[in-house]
$ cat start-v9.tsv   # TSV, C-alpha atoms and all ligand atoms
chain	number	residue	atom	x	y	z
A	23	MET	CA	-35.13	-64.96	-30.87
A	24	SER	CA	-38.52	-66.25	-32.06
A	25	LYS	CA	-39.36	-67.39	-35.58
A	26	PRO	CA	-39.67	-64.52	-38.09
A	27	LEU	CA	-43.15	-63.16	-38.62
A	28	ARG	CA	-43.95	-63.23	-42.33
A	29	VAL	CA	-45.53	-59.87	-43.18
A	30	LEU	CA	-46.87	-59.03	-46.63
A	31	VAL	CA	-47.27	-55.40	-47.68
A	32	THR	CA	-49.02	-54.84	-51.00
A	33	GLY	CA	-48.66	-51.61	-52.96
A	34	ALA	CA	-45.10	-51.80	-51.68
A	35	ALA	CA	-43.73	-49.33	-54.24
A	36	GLY	CA	-46.37	-46.72	-53.32
A	37	GLN	CA	-46.25	-43.76	-50.99
A	38	ILE	CA	-47.94	-45.23	-47.90
A	39	ALA	CA	-45.62	-48.24	-48.02
A	40	TYR	CA	-42.64	-45.91	-48.23
A	41	SER	CA	-43.60	-44.42	-44.84
A	42	LEU	CA	-44.65	-47.77	-43.37
A	43	LEU	CA	-41.94	-50.32	-44.17
A	44	TYR	CA	-39.28	-48.81	-41.93
A	45	SER	CA	-41.48	-48.90	-38.81
A	46	ILE	CA	-42.48	-52.53	-39.42
A	47	ALA	CA	-38.95	-53.68	-40.20
A	48	LYS	CA	-37.46	-51.79	-37.24
A	49	GLY	CA	-39.68	-53.57	-34.69
A	50	ASP	CA	-41.99	-50.69	-33.77
A	51	VAL	CA	-45.12	-52.70	-34.56
A	52	PHE	CA	-44.60	-56.37	-33.68
A	53	GLY	CA	-42.04	-55.82	-30.94
A	54	PRO	CA	-38.29	-55.44	-30.52
A	55	ASP	CA	-37.74	-59.21	-30.24
A	56	ARG	CA	-39.71	-60.34	-33.27
A	57	PRO	CA	-37.68	-60.91	-36.45
A	58	ILE	CA	-39.51	-59.94	-39.63
A	59	SER	CA	-39.60	-61.55	-43.05
A	60	LEU	CA	-40.96	-58.85	-45.33
A	61	VAL	CA	-42.81	-59.75	-48.52
A	62	LEU	CA	-43.34	-56.82	-50.88
A	63	LEU	CA	-45.98	-57.10	-53.61
A	64	ASP	CA	-46.58	-54.60	-56.37
A	65	ILE	CA	-47.54	-54.78	-60.04
A	66	GLU	CA	-44.96	-55.75	-62.67
A	67	ALA	CA	-44.59	-52.16	-63.96
A	68	MET	CA	-43.42	-51.04	-60.48
A	69	MET	CA	-40.68	-53.65	-60.02
A	70	GLY	CA	-37.95	-51.09	-60.86
A	71	VAL	CA	-39.18	-48.70	-58.18
A	72	LEU	CA	-39.58	-51.58	-55.73
A	73	LYS	CA	-35.94	-52.52	-56.33
A	74	GLY	CA	-34.98	-49.08	-55.01
A	75	VAL	CA	-37.18	-49.54	-51.93
A	76	VAL	CA	-35.47	-52.87	-51.24
A	77	MET	CA	-32.03	-51.22	-51.57
A	78	GLU	CA	-33.04	-48.61	-49.03
A	79	LEU	CA	-34.36	-51.21	-46.58
A	80	ILE	CA	-31.04	-53.05	-46.85
A	81	ASP	CA	-29.19	-49.77	-46.29
A	82	CYS	CA	-31.18	-49.15	-43.10
A	83	ALA	CA	-29.21	-52.07	-41.56
A	84	LEU	CA	-32.10	-53.27	-39.42
A	85	PRO	CA	-31.21	-56.22	-37.17
A	86	LEU	CA	-34.75	-57.67	-37.06
A	87	LEU	CA	-35.19	-57.74	-40.82
A	88	THR	CA	-34.15	-61.27	-41.73
A	89	GLU	CA	-35.47	-61.43	-45.29
A	90	ILE	CA	-36.98	-59.20	-48.01
A	91	ILE	CA	-38.96	-60.77	-50.86
A	92	PRO	CA	-40.00	-58.33	-53.60
A	93	THR	CA	-42.44	-59.83	-56.11
A	94	SER	CA	-45.25	-59.23	-58.57
A	95	ASP	CA	-46.37	-62.87	-58.28
A	96	ILE	CA	-49.49	-63.07	-56.16
A	97	SER	CA	-49.12	-66.77	-55.26
A	98	MET	CA	-45.58	-66.22	-54.01
A	99	ALA	CA	-46.62	-63.06	-52.15
A	100	PHE	CA	-49.39	-64.68	-50.07
A	101	LYS	CA	-47.53	-67.94	-49.35
A	102	ASP	CA	-47.50	-68.74	-45.61
A	103	ILE	CA	-48.00	-65.15	-44.49
A	104	ASP	CA	-48.86	-64.34	-40.87
A	105	VAL	CA	-49.96	-60.76	-41.59
A	106	GLY	CA	-51.35	-59.17	-44.75
A	107	VAL	CA	-51.23	-55.37	-45.00
A	108	LEU	CA	-53.24	-54.74	-48.15
A	109	VAL	CA	-52.43	-51.21	-49.24
A	110	GLY	CA	-52.09	-51.60	-53.01
A	111	ALA	CA	-55.03	-50.35	-55.04
A	112	MET	CA	-55.73	-48.32	-58.10
A	113	PRO	CA	-55.82	-44.61	-57.24
A	114	ARG	CA	-58.84	-42.52	-58.18
A	115	ARG	CA	-58.05	-40.63	-61.36
A	116	GLU	CA	-59.49	-37.28	-62.33
A	117	GLY	CA	-63.03	-37.63	-63.65
A	118	MET	CA	-63.34	-41.17	-62.29
A	119	GLU	CA	-66.61	-41.85	-60.48
A	120	ARG	CA	-66.48	-43.54	-57.06
A	121	LYS	CA	-68.36	-46.52	-58.51
A	122	ASP	CA	-65.74	-46.96	-61.28
A	123	LEU	CA	-62.99	-46.97	-58.67
A	124	LEU	CA	-64.95	-49.51	-56.65
A	125	LYS	CA	-65.33	-51.78	-59.68
A	126	ALA	CA	-61.62	-51.69	-60.47
A	127	ASN	CA	-60.50	-52.23	-56.90
A	128	VAL	CA	-62.89	-54.94	-55.72
A	129	LYS	CA	-61.56	-57.15	-58.52
A	130	ILE	CA	-58.06	-56.80	-57.04
A	131	PHE	CA	-59.41	-57.75	-53.61
A	132	LYS	CA	-61.37	-60.72	-54.94
A	133	GLN	CA	-58.13	-62.09	-56.39
A	134	GLN	CA	-56.25	-61.37	-53.17
A	135	GLY	CA	-59.01	-63.02	-51.08
A	136	GLN	CA	-58.65	-66.14	-53.21
A	137	ALA	CA	-54.87	-66.01	-52.77
A	138	LEU	CA	-55.26	-65.67	-48.99
A	139	ASP	CA	-57.59	-68.67	-48.99
A	140	GLN	CA	-55.18	-70.76	-51.01
A	141	PHE	CA	-51.73	-69.75	-49.79
A	142	ALA	CA	-51.75	-67.87	-46.46
A	143	LYS	CA	-51.62	-69.35	-42.96
A	144	LYS	CA	-55.13	-70.01	-41.67
A	145	ASN	CA	-54.59	-67.66	-38.73
A	146	VAL	CA	-53.36	-64.81	-40.96
A	147	LYS	CA	-54.39	-61.33	-39.78
A	148	VAL	CA	-55.45	-58.97	-42.55
A	149	ILE	CA	-55.76	-55.20	-42.57
A	150	VAL	CA	-57.14	-53.60	-45.72
A	151	VAL	CA	-56.08	-50.02	-46.42
A	152	GLY	CA	-56.69	-49.61	-50.17
A	153	ASN	CA	-59.96	-47.82	-50.86
A	154	PRO	CA	-62.87	-48.39	-50.62
A	155	ALA	CA	-61.27	-50.07	-47.61
A	156	ASN	CA	-64.38	-51.51	-45.86
A	157	THR	CA	-65.85	-52.97	-49.03
A	158	ASN	CA	-62.50	-54.30	-50.25
A	159	ALA	CA	-62.11	-56.05	-46.88
A	160	PHE	CA	-65.63	-57.45	-47.24
A	161	ILE	CA	-64.78	-58.91	-50.66
A	162	CYS	CA	-61.46	-60.28	-49.46
A	163	LYS	CA	-63.23	-62.04	-46.58
A	164	LYS	CA	-65.90	-63.45	-48.88
A	165	TYR	CA	-63.35	-65.05	-51.18
A	166	ALA	CA	-61.29	-66.51	-48.32
A	167	PRO	CA	-63.87	-68.74	-46.61
A	168	SER	CA	-61.22	-70.94	-44.95
A	169	ILE	CA	-59.98	-68.01	-42.85
A	170	PRO	CA	-62.05	-66.84	-39.83
A	171	PRO	CA	-64.05	-63.68	-40.66
A	172	GLN	CA	-62.71	-61.92	-37.55
A	173	ASN	CA	-59.23	-62.01	-39.10
A	174	PHE	CA	-60.30	-59.42	-41.72
A	175	THR	CA	-60.21	-55.77	-40.71
A	176	CYS	CA	-59.93	-52.41	-42.40
A	177	LEU	CA	-58.18	-49.23	-41.39
A	178	THR	CA	-60.26	-46.53	-39.69
A	179	ARG	CA	-57.58	-45.70	-37.12
A	180	LEU	CA	-56.47	-42.73	-39.21
A	181	ASP	CA	-59.96	-41.29	-38.76
A	182	GLN	CA	-59.78	-41.99	-35.04
A	183	ASN	CA	-56.37	-40.30	-34.78
A	184	ARG	CA	-57.69	-37.29	-36.72
A	185	ALA	CA	-60.71	-37.00	-34.40
A	186	GLN	CA	-58.58	-37.35	-31.26
A	187	SER	CA	-56.17	-34.66	-32.48
A	188	GLN	CA	-58.98	-32.24	-33.40
A	189	ILE	CA	-60.42	-32.49	-29.87
A	190	ALA	CA	-56.98	-32.12	-28.27
A	191	ALA	CA	-56.24	-29.02	-30.37
A	192	ARG	CA	-59.60	-27.46	-29.53
A	193	VAL	CA	-58.95	-27.76	-25.79
A	194	GLY	CA	-55.18	-27.27	-25.92
A	195	VAL	CA	-54.06	-30.61	-24.47
A	196	SER	CA	-51.93	-33.49	-25.76
A	197	CYS	CA	-53.72	-35.99	-28.00
A	198	GLN	CA	-52.89	-38.74	-25.49
A	199	ASP	CA	-55.20	-37.05	-22.98
A	200	VAL	CA	-58.17	-37.79	-25.26
A	201	LYS	CA	-59.45	-41.35	-25.02
A	202	ASN	CA	-62.26	-43.51	-26.38
A	203	VAL	CA	-63.23	-41.49	-29.43
A	204	ILE	CA	-65.21	-43.78	-31.78
A	205	ILE	CA	-65.35	-43.97	-35.56
A	206	TRP	CA	-68.53	-45.70	-36.70
A	207	GLY	CA	-69.06	-47.06	-40.19
A	208	ASN	CA	-67.37	-46.49	-43.49
A	209	HIS	CA	-63.91	-44.99	-44.10
A	210	SER	CA	-65.54	-42.32	-46.25
A	211	SER	CA	-67.20	-38.97	-45.79
A	212	THR	CA	-70.28	-40.69	-44.28
A	213	GLN	CA	-68.28	-42.00	-41.28
A	214	PHE	CA	-69.50	-40.89	-37.87
A	215	PRO	CA	-66.78	-39.63	-35.52
A	216	ASP	CA	-68.46	-39.90	-32.11
A	217	VAL	CA	-67.16	-38.31	-28.90
A	218	THR	CA	-70.25	-39.00	-26.77
A	219	HIS	CA	-68.35	-41.58	-24.71
A	220	ALA	CA	-64.88	-40.05	-25.06
A	221	THR	CA	-62.94	-38.64	-22.13
A	222	LEU	CA	-60.35	-35.92	-21.72
A	223	LYS	CA	-58.11	-36.36	-18.68
A	224	GLY	CA	-60.86	-38.60	-17.31
A	225	LYS	CA	-63.74	-36.10	-17.79
A	226	PRO	CA	-66.40	-36.45	-20.51
A	227	VAL	CA	-65.21	-34.63	-23.67
A	228	LEU	CA	-68.68	-33.11	-24.11
A	229	GLU	CA	-68.44	-31.47	-20.66
A	230	VAL	CA	-64.96	-30.10	-21.30
A	231	VAL	CA	-65.59	-28.82	-24.84
A	232	LYS	CA	-69.02	-27.39	-23.89
A	233	ASP	CA	-69.91	-26.60	-27.50
A	234	ASP	CA	-72.47	-29.00	-28.90
A	235	ASN	CA	-72.82	-27.01	-32.08
A	236	TRP	CA	-69.08	-27.25	-32.85
A	237	ILE	CA	-69.07	-31.00	-32.10
A	238	LYS	CA	-72.12	-31.75	-34.25
A	239	ASN	CA	-71.04	-29.63	-37.20
A	240	GLU	CA	-67.49	-28.39	-37.64
A	241	PHE	CA	-65.76	-31.21	-35.76
A	242	ILE	CA	-67.61	-34.01	-37.55
A	243	SER	CA	-67.24	-32.50	-41.00
A	244	THR	CA	-63.52	-31.69	-40.47
A	245	VAL	CA	-62.82	-35.35	-39.64
A	246	GLN	CA	-65.06	-36.65	-42.44
A	247	THR	CA	-63.35	-34.50	-45.09
A	248	ARG	CA	-59.79	-34.49	-43.74
A	249	GLY	CA	-58.55	-36.91	-46.42
A	250	ALA	CA	-59.83	-34.64	-49.19
A	251	ALA	CA	-58.25	-31.59	-47.47
A	252	VAL	CA	-54.85	-33.32	-47.43
A	253	ILE	CA	-55.20	-34.23	-51.12
A	254	ALA	CA	-56.12	-30.63	-51.97
A	255	ALA	CA	-53.04	-29.31	-50.15
A	256	ARG	CA	-50.47	-31.99	-50.99
A	257	LYS	CA	-51.82	-33.12	-54.37
A	258	LEU	CA	-51.31	-36.61	-52.96
A	259	SER	CA	-53.35	-38.56	-50.44
A	260	SER	CA	-52.38	-38.98	-46.78
A	261	ALA	CA	-49.37	-41.25	-46.51
A	262	MET	CA	-47.30	-40.50	-43.38
A	263	SER	CA	-50.42	-40.34	-41.18
A	264	ALA	CA	-51.91	-43.42	-42.88
A	265	ALA	CA	-48.71	-45.38	-42.22
A	266	LYS	CA	-48.70	-44.30	-38.55
A	267	ALA	CA	-52.34	-45.37	-38.22
A	268	ILE	CA	-51.60	-48.79	-39.76
A	269	CYS	CA	-48.86	-49.24	-37.16
A	270	ASP	CA	-51.23	-48.22	-34.34
A	271	HIS	CA	-53.91	-50.65	-35.59
A	272	LEU	CA	-51.52	-53.61	-35.88
A	273	LYS	CA	-49.67	-52.87	-32.65
A	274	ASP	CA	-52.92	-52.84	-30.68
A	275	TRP	CA	-54.18	-55.98	-32.45
A	276	PHE	CA	-50.99	-57.85	-31.55
A	277	HIS	CA	-50.37	-56.46	-28.08
A	278	GLY	CA	-53.84	-55.47	-26.80
A	279	THR	CA	-55.51	-52.25	-25.66
A	280	PRO	CA	-54.89	-50.74	-22.20
A	281	ASP	CA	-57.53	-51.36	-19.50
A	282	GLY	CA	-60.61	-49.17	-19.91
A	283	GLN	CA	-59.66	-48.05	-23.41
A	284	TRP	CA	-60.92	-48.98	-26.83
A	285	VAL	CA	-59.94	-48.34	-30.43
A	286	SER	CA	-61.87	-48.30	-33.69
A	287	MET	CA	-61.36	-50.88	-36.43
A	288	GLY	CA	-63.40	-51.88	-39.44
A	289	ILE	CA	-64.57	-55.38	-38.48
A	290	THR	CA	-67.26	-57.88	-39.41
A	291	SER	CA	-70.50	-56.79	-37.77
A	292	ASP	CA	-72.18	-59.40	-35.58
A	293	GLY	CA	-75.38	-57.36	-35.51
A	294	SER	CA	-74.36	-55.24	-32.49
A	295	TYR	CA	-75.87	-51.74	-32.41
A	296	GLY	CA	-78.32	-52.70	-35.15
A	297	ILE	CA	-75.61	-52.87	-37.81
A	298	GLU	CA	-76.32	-55.38	-40.55
A	299	LYS	CA	-74.51	-58.66	-39.88
A	300	GLY	CA	-71.51	-59.42	-42.07
A	301	LEU	CA	-70.77	-55.84	-43.17
A	302	ILE	CA	-67.27	-54.55	-42.48
A	303	TYR	CA	-68.21	-51.61	-40.26
A	304	SER	CA	-65.96	-49.57	-37.99
A	305	MET	CA	-66.76	-50.12	-34.31
A	306	PRO	CA	-65.10	-49.68	-30.93
A	307	VAL	CA	-63.20	-52.79	-29.84
A	308	LYS	CA	-61.16	-53.91	-26.86
A	309	ILE	CA	-58.29	-56.25	-27.60
A	310	GLY	CA	-56.94	-58.83	-25.17
A	311	ALA	CA	-53.42	-60.17	-24.78
A	312	GLY	CA	-54.34	-63.18	-26.92
A	313	GLN	CA	-54.94	-60.96	-29.96
A	314	GLU	CA	-58.71	-61.49	-29.87
A	315	TYR	CA	-60.95	-58.44	-29.98
A	316	THR	CA	-64.47	-57.87	-28.70
A	317	ILE	CA	-66.94	-55.15	-29.62
A	318	VAL	CA	-67.54	-52.70	-26.76
A	319	GLN	CA	-71.16	-53.30	-25.74
A	320	GLY	CA	-73.81	-51.28	-23.96
A	321	LEU	CA	-72.93	-47.78	-25.19
A	322	SER	CA	-75.94	-45.47	-25.29
A	323	ILE	CA	-76.91	-44.32	-28.79
A	324	ASP	CA	-79.07	-41.18	-29.05
A	325	ASP	CA	-81.22	-40.19	-32.05
A	326	PHE	CA	-78.45	-38.05	-33.58
A	327	ALA	CA	-75.94	-40.92	-33.39
A	328	ARG	CA	-78.51	-43.42	-34.67
A	329	SER	CA	-79.20	-41.40	-37.81
A	330	LYS	CA	-75.45	-40.98	-38.52
A	331	MET	CA	-74.74	-44.67	-37.90
A	332	ASP	CA	-77.61	-45.68	-40.19
A	333	ALA	CA	-76.51	-43.31	-42.98
A	334	THR	CA	-73.01	-44.76	-43.12
A	335	MET	CA	-74.45	-48.31	-42.92
A	336	LYS	CA	-76.71	-47.52	-45.89
A	337	GLU	CA	-73.68	-46.45	-47.93
A	338	LEU	CA	-71.84	-49.66	-46.99
A	339	ILE	CA	-74.82	-51.80	-48.03
A	340	GLU	CA	-74.90	-50.03	-51.41
A	341	GLU	CA	-71.15	-50.48	-51.86
A	342	ARG	CA	-71.38	-54.15	-50.87
A	343	ASP	CA	-74.18	-54.81	-53.36
A	344	ALA	CA	-72.29	-53.05	-56.18
A	345	ALA	CA	-69.11	-54.96	-55.31
A	346	LEU	CA	-70.90	-58.32	-55.26
A	347	GLN	CA	-72.48	-57.53	-58.61
A	348	THR	CA	-69.03	-56.77	-60.07
A	349	CYS	CA	-67.43	-59.88	-58.59
A	350	GLU	CA	-70.21	-62.23	-59.59
A	351	ALA	CA	-70.62	-60.84	-63.14
B	1	LIG	P1	-49.97	-45.11	-54.33
B	1	LIG	O1	-50.65	-44.91	-55.64
B	1	LIG	O2	-48.79	-44.25	-53.97
B	1	LIG	O3	-49.49	-46.62	-54.19
B	1	LIG	C1	-50.33	-47.69	-54.51
B	1	LIG	C2	-49.44	-48.81	-54.98
B	1	LIG	O4	-50.29	-49.95	-55.18
B	1	LIG	C3	-48.76	-48.52	-56.32
B	1	LIG	O5	-47.38	-48.77	-56.24
B	1	LIG	C4	-49.46	-49.49	-57.28
B	1	LIG	O6	-48.62	-49.95	-58.33
B	1	LIG	C5	-49.83	-50.62	-56.33
B	1	LIG	N1	-50.85	-51.53	-56.85
B	1	LIG	C6	-51.88	-51.27	-57.69
B	1	LIG	N2	-52.54	-52.39	-57.97
B	1	LIG	C7	-51.93	-53.39	-57.27
B	1	LIG	C8	-52.16	-54.78	-57.16
B	1	LIG	N3	-53.16	-55.38	-57.83
B	1	LIG	N4	-51.33	-55.50	-56.37
B	1	LIG	C9	-50.31	-54.91	-55.71
B	1	LIG	N5	-50.03	-53.60	-55.80
B	1	LIG	C10	-50.85	-52.84	-56.56
B	1	LIG	O7	-51.13	-44.99	-53.24
B	1	LIG	P2	-51.00	-44.78	-51.67
B	1	LIG	O8	-51.00	-43.31	-51.39
B	1	LIG	O9	-49.91	-45.62	-51.12
B	1	LIG	O10	-52.45	-45.30	-51.20
B	1	LIG	C11	-52.80	-46.65	-51.34
B	1	LIG	C12	-54.27	-46.85	-51.04
B	1	LIG	O11	-54.55	-46.53	-49.69
B	1	LIG	C13	-55.22	-46.00	-51.88
B	1	LIG	O12	-56.33	-46.80	-52.25
B	1	LIG	C14	-55.66	-44.92	-50.90
B	1	LIG	O13	-56.93	-44.38	-51.26
B	1	LIG	C15	-55.74	-45.73	-49.63
B	1	LIG	N6	-55.73	-44.98	-48.37
B	1	LIG	C16	-56.50	-45.47	-47.36
B	1	LIG	C17	-56.50	-44.83	-46.13
B	1	LIG	C18	-57.34	-45.36	-44.99
B	1	LIG	O14	-57.35	-44.71	-43.93
B	1	LIG	N7	-58.02	-46.48	-45.10
B	1	LIG	C19	-55.72	-43.68	-45.94
B	1	LIG	C20	-54.94	-43.22	-46.97
B	1	LIG	C21	-54.95	-43.89	-48.20

$ encode --input "start-v9.tsv" --output "structure tokens" --more "lines below"
Ligand code: NAD
Amino acid sequence: MSKPLRVLVTGAAGQIAYSLLYSIAKGDVFGPDRPISLVLLDIEAMMGVLKGVVMELIDCALPLLTEIIPTSDISMAFKDIDVGVLVGAMPRREGMERKDLLKANVKIFKQQGQALDQFAKKNVKVIVVGNPANTNAFICKKYAPSIPPQNFTCLTRLDQNRAQSQIAARVGVSCQDVKNVIIWGNHSSTQFPDVTHATLKGKPVLEVVKDDNWIKNEFISTVQTRGAAVIAARKLSSAMSAAKAICDHLKDWFHGTPDGQWVSMGITSDGSYGIEKGLIYSMPVKIGAGQEYTIVQGLSIDDFARSKMDATMKELIEERDAALQTCEA
């Protein structure tokens, strides 16, 4: 058996973590031979709830789970971690403006970036889930200059999974038959779910669906507003599907993508496709066996796609500037 992988999950007493921890601790993400040391961070007021989560993890009797460390101490939480799954954030309350939420949450991610810089392993891999996920990841990266920028990502796999499932349902096939859907940009309602290069059983999705109007309107807006639709129905935000998407993201990052396939992740832009350098922007990536990813290059971008990609970039630039102003105040 190899050395345990030290995995931190923040927001560990929350609802996404409740759906996520079992899969990580069971070996579904990092592999059936990789022992896991699980560090669980939440705020002091949630320590009672977290105690219950720890009891349940113990009661699962999972052979790979060698250690569980519940804590509200940020320096202890980030110490020597290999993976940081940053879920914990303040939820949006009724009447709260998006910019107020951003202000509250980027401060959390500034502090966690500093903790990563100071305490985590230098090759730590970070996935930010707490919203606004792209901008929080940007701030985290900024305040952890000793860690390579490519080690910071944010979750847009849930959006990819939603898009893939919408196409599969429209045609009446399994979601695994739909490949290479792309999510461009922000994990928000400006994101651009793009099926121009996607395939269905090897044929172009556009040729199989044969309904440009549906693709450009209903499909895109269904994916963009799916999170809000789940909140409206459940009175709580997506948790089971978010946890599954986190597992998909991490599993692919650690084990690689199959030949000819790509996945979407929020990553640091290198300027590809005219996206401002340094932004955390969702793009299609291929991942090799060595856990390094590369942006898929050379995809054709038509005028429709260009305008959607620019609109979501504009929102990310505005968020970034507001976040920097908050952090530097
Ligand atoms: P939740 O409210 O159930 O849980 C959040 C947990 O984070 C709570 O236990 C809270 O105490 C904790 N927390 C707050 N501040 C913290 C801090 N400074 N350090 C550590 N823990 C802290 O929320 P949830 O449903 O689990 O969602 C968590 C986040 O994920 C939200 O921001 C949500 O909007 C976001 N989300 C993102 C995606 C995505 O695809 N990127 C999808 C779904 C939800």

$ closest_atom_pairs --input "start-v9.tsv" --of "chain A" --to "ligand LIG 1 (chain B)" --cutoff "8 Å" --atoms "all atoms listed in the file" --output "JSON lines"
{"residue": "A:Thr32", "atom": "CA", "partner": "B:LIG1", "partner_atom": "C9", "distance": 4.9}
{"residue": "A:Gly33", "atom": "CA", "partner": "B:LIG1", "partner_atom": "O4", "distance": 3.2}
{"residue": "A:Ala34", "atom": "CA", "partner": "B:LIG1", "partner_atom": "O5", "distance": 5.9}
{"residue": "A:Ala35", "atom": "CA", "partner": "B:LIG1", "partner_atom": "O5", "distance": 4.2}
{"residue": "A:Gly36", "atom": "CA", "partner": "B:LIG1", "partner_atom": "O3", "distance": 3.2}
{"residue": "A:Gln37", "atom": "CA", "partner": "B:LIG1", "partner_atom": "O2", "distance": 3.9}
{"residue": "A:Ile38", "atom": "CA", "partner": "B:LIG1", "partner_atom": "O9", "distance": 3.8}
{"residue": "A:Ala39", "atom": "CA", "partner": "B:LIG1", "partner_atom": "O9", "distance": 5.9}
{"residue": "A:Tyr40", "atom": "CA", "partner": "B:LIG1", "partner_atom": "O9", "distance": 7.8}
{"residue": "A:Leu63", "atom": "CA", "partner": "B:LIG1", "partner_atom": "C9", "distance": 5.3}
{"residue": "A:Asp64", "atom": "CA", "partner": "B:LIG1", "partner_atom": "N5", "distance": 3.6}
{"residue": "A:Ile65", "atom": "CA", "partner": "B:LIG1", "partner_atom": "N5", "distance": 5.1}
{"residue": "A:Ala67", "atom": "CA", "partner": "B:LIG1", "partner_atom": "O6", "distance": 7.3}
{"residue": "A:Met68", "atom": "CA", "partner": "B:LIG1", "partner_atom": "O6", "distance": 5.7}
{"residue": "A:Ser94", "atom": "CA", "partner": "B:LIG1", "partner_atom": "C9", "distance": 7.2}
{"residue": "A:Ile96", "atom": "CA", "partner": "B:LIG1", "partner_atom": "N4", "distance": 7.8}
{"residue": "A:Val109", "atom": "CA", "partner": "B:LIG1", "partner_atom": "C11", "distance": 5.0}
{"residue": "A:Gly110", "atom": "CA", "partner": "B:LIG1", "partner_atom": "O4", "distance": 3.3}
{"residue": "A:Ala111", "atom": "CA", "partner": "B:LIG1", "partner_atom": "C6", "distance": 4.2}
{"residue": "A:Met112", "atom": "CA", "partner": "B:LIG1", "partner_atom": "C6", "distance": 4.9}
{"residue": "A:Pro113", "atom": "CA", "partner": "B:LIG1", "partner_atom": "O1", "distance": 5.4}
{"residue": "A:Arg114", "atom": "CA", "partner": "B:LIG1", "partner_atom": "O13", "distance": 7.4}
{"residue": "A:Ile130", "atom": "CA", "partner": "B:LIG1", "partner_atom": "N3", "distance": 5.2}
{"residue": "A:Phe131", "atom": "CA", "partner": "B:LIG1", "partner_atom": "N3", "distance": 7.9}
{"residue": "A:Val150", "atom": "CA", "partner": "B:LIG1", "partner_atom": "N7", "distance": 7.2}
{"residue": "A:Val151", "atom": "CA", "partner": "B:LIG1", "partner_atom": "N7", "distance": 4.2}
{"residue": "A:Gly152", "atom": "CA", "partner": "B:LIG1", "partner_atom": "O12", "distance": 3.5}
{"residue": "A:Asn153", "atom": "CA", "partner": "B:LIG1", "partner_atom": "O12", "distance": 4.0}
{"residue": "A:Pro154", "atom": "CA", "partner": "B:LIG1", "partner_atom": "O12", "distance": 6.9}
{"residue": "A:Ala155", "atom": "CA", "partner": "B:LIG1", "partner_atom": "N7", "distance": 5.5}
{"residue": "A:Cys176", "atom": "CA", "partner": "B:LIG1", "partner_atom": "N7", "distance": 6.8}
{"residue": "A:Leu177", "atom": "CA", "partner": "B:LIG1", "partner_atom": "N7", "distance": 4.6}
{"residue": "A:Thr178", "atom": "CA", "partner": "B:LIG1", "partner_atom": "O14", "distance": 5.5}
{"residue": "A:Arg179", "atom": "CA", "partner": "B:LIG1", "partner_atom": "O14", "distance": 6.9}
{"residue": "A:Leu180", "atom": "CA", "partner": "B:LIG1", "partner_atom": "O14", "distance": 5.2}
{"residue": "A:Asp181", "atom": "CA", "partner": "B:LIG1", "partner_atom": "O14", "distance": 6.7}
{"residue": "A:His209", "atom": "CA", "partner": "B:LIG1", "partner_atom": "N7", "distance": 6.2}
{"residue": "A:Gly249", "atom": "CA", "partner": "B:LIG1", "partner_atom": "C20", "distance": 7.3}
{"residue": "A:Leu258", "atom": "CA", "partner": "B:LIG1", "partner_atom": "O8", "distance": 6.9}
{"residue": "A:Ser259", "atom": "CA", "partner": "B:LIG1", "partner_atom": "O8", "distance": 5.4}
{"residue": "A:Ser260", "atom": "CA", "partner": "B:LIG1", "partner_atom": "C20", "distance": 5.0}
{"residue": "A:Ala261", "atom": "CA", "partner": "B:LIG1", "partner_atom": "O8", "distance": 5.5}
{"residue": "A:Ser263", "atom": "CA", "partner": "B:LIG1", "partner_atom": "C19", "distance": 7.9}
{"residue": "A:Ala264", "atom": "CA", "partner": "B:LIG1", "partner_atom": "C19", "distance": 4.9}
{"residue": "A:Ala267", "atom": "CA", "partner": "B:LIG1", "partner_atom": "O14", "distance": 7.6}

$ atom_distance --input "start-v9.tsv" --atom1 "CA of Gln133 (chain A)" --atom2 "CA of Pro167 (chain A)"
13.1 Å

$ closest_residue --input "start-v9.tsv" --among "A:Ser45, A:Asn127, A:Gln134, A:Gln213" --to "Ala185 (chain A)" --atoms "only C-alpha atoms"
A:Gln213

$ residues_around --input "start-v9.tsv" --residues "Val203 (chain A)" --least-positions-apart "3" --cutoff "12 Å" --atoms "all atoms listed in the file" --output "NGL selection string"
:A and (178-190 or 197-200 or 206 or 214-222 or 226-228 or 242 or 245 or 283-287 or 305-307)

$ closest_atom_pairs --input "start-v9.tsv" --of "region 264-298 of chain A" --to "region 312-329 of chain A" --cutoff "7 Å" --atoms "all atoms listed in the file" --output "Markdown table"
| residue | atom | partner | partner_atom | distance |
| --- | --- | --- | --- | --- |
| A:Trp275 | CA | A:Gln313 | CA | 5.6 |
| A:Phe276 | CA | A:Gln313 | CA | 5.3 |
| A:His277 | CA | A:Gln313 | CA | 6.7 |
| A:Gly278 | CA | A:Gln313 | CA | 6.4 |

$ residues_around --input "start-v9.tsv" --residues "Lys48 (chain A)" --least-positions-apart "2" --cutoff "7 Å" --atoms "all atoms listed in the file" --output "MDAnalysis selection string"
chainID A and resid 44:46 50 84 86

$ atom_distance --input "start-v9.tsv" --atom1 "CA of Thr175 (chain A)" --atom2 "CA of Asn158 (chain A)"
9.9 Å

$ closest_residue --input "start-v9.tsv" --among "A:Thr348, A:Gly310, A:Asn208, A:Ala265" --to "Asp332 (chain A)" --atoms "all atoms listed in the file"
A:Asn208

$ residues_near_point --input "start-v9.tsv" --point "(-62.1, -70.0, -41.2)" --cutoff "12 Å" --atoms "only C-alpha atoms" --output "PyMOL selection string"
chain A and resi 138-139+142-147+163-174
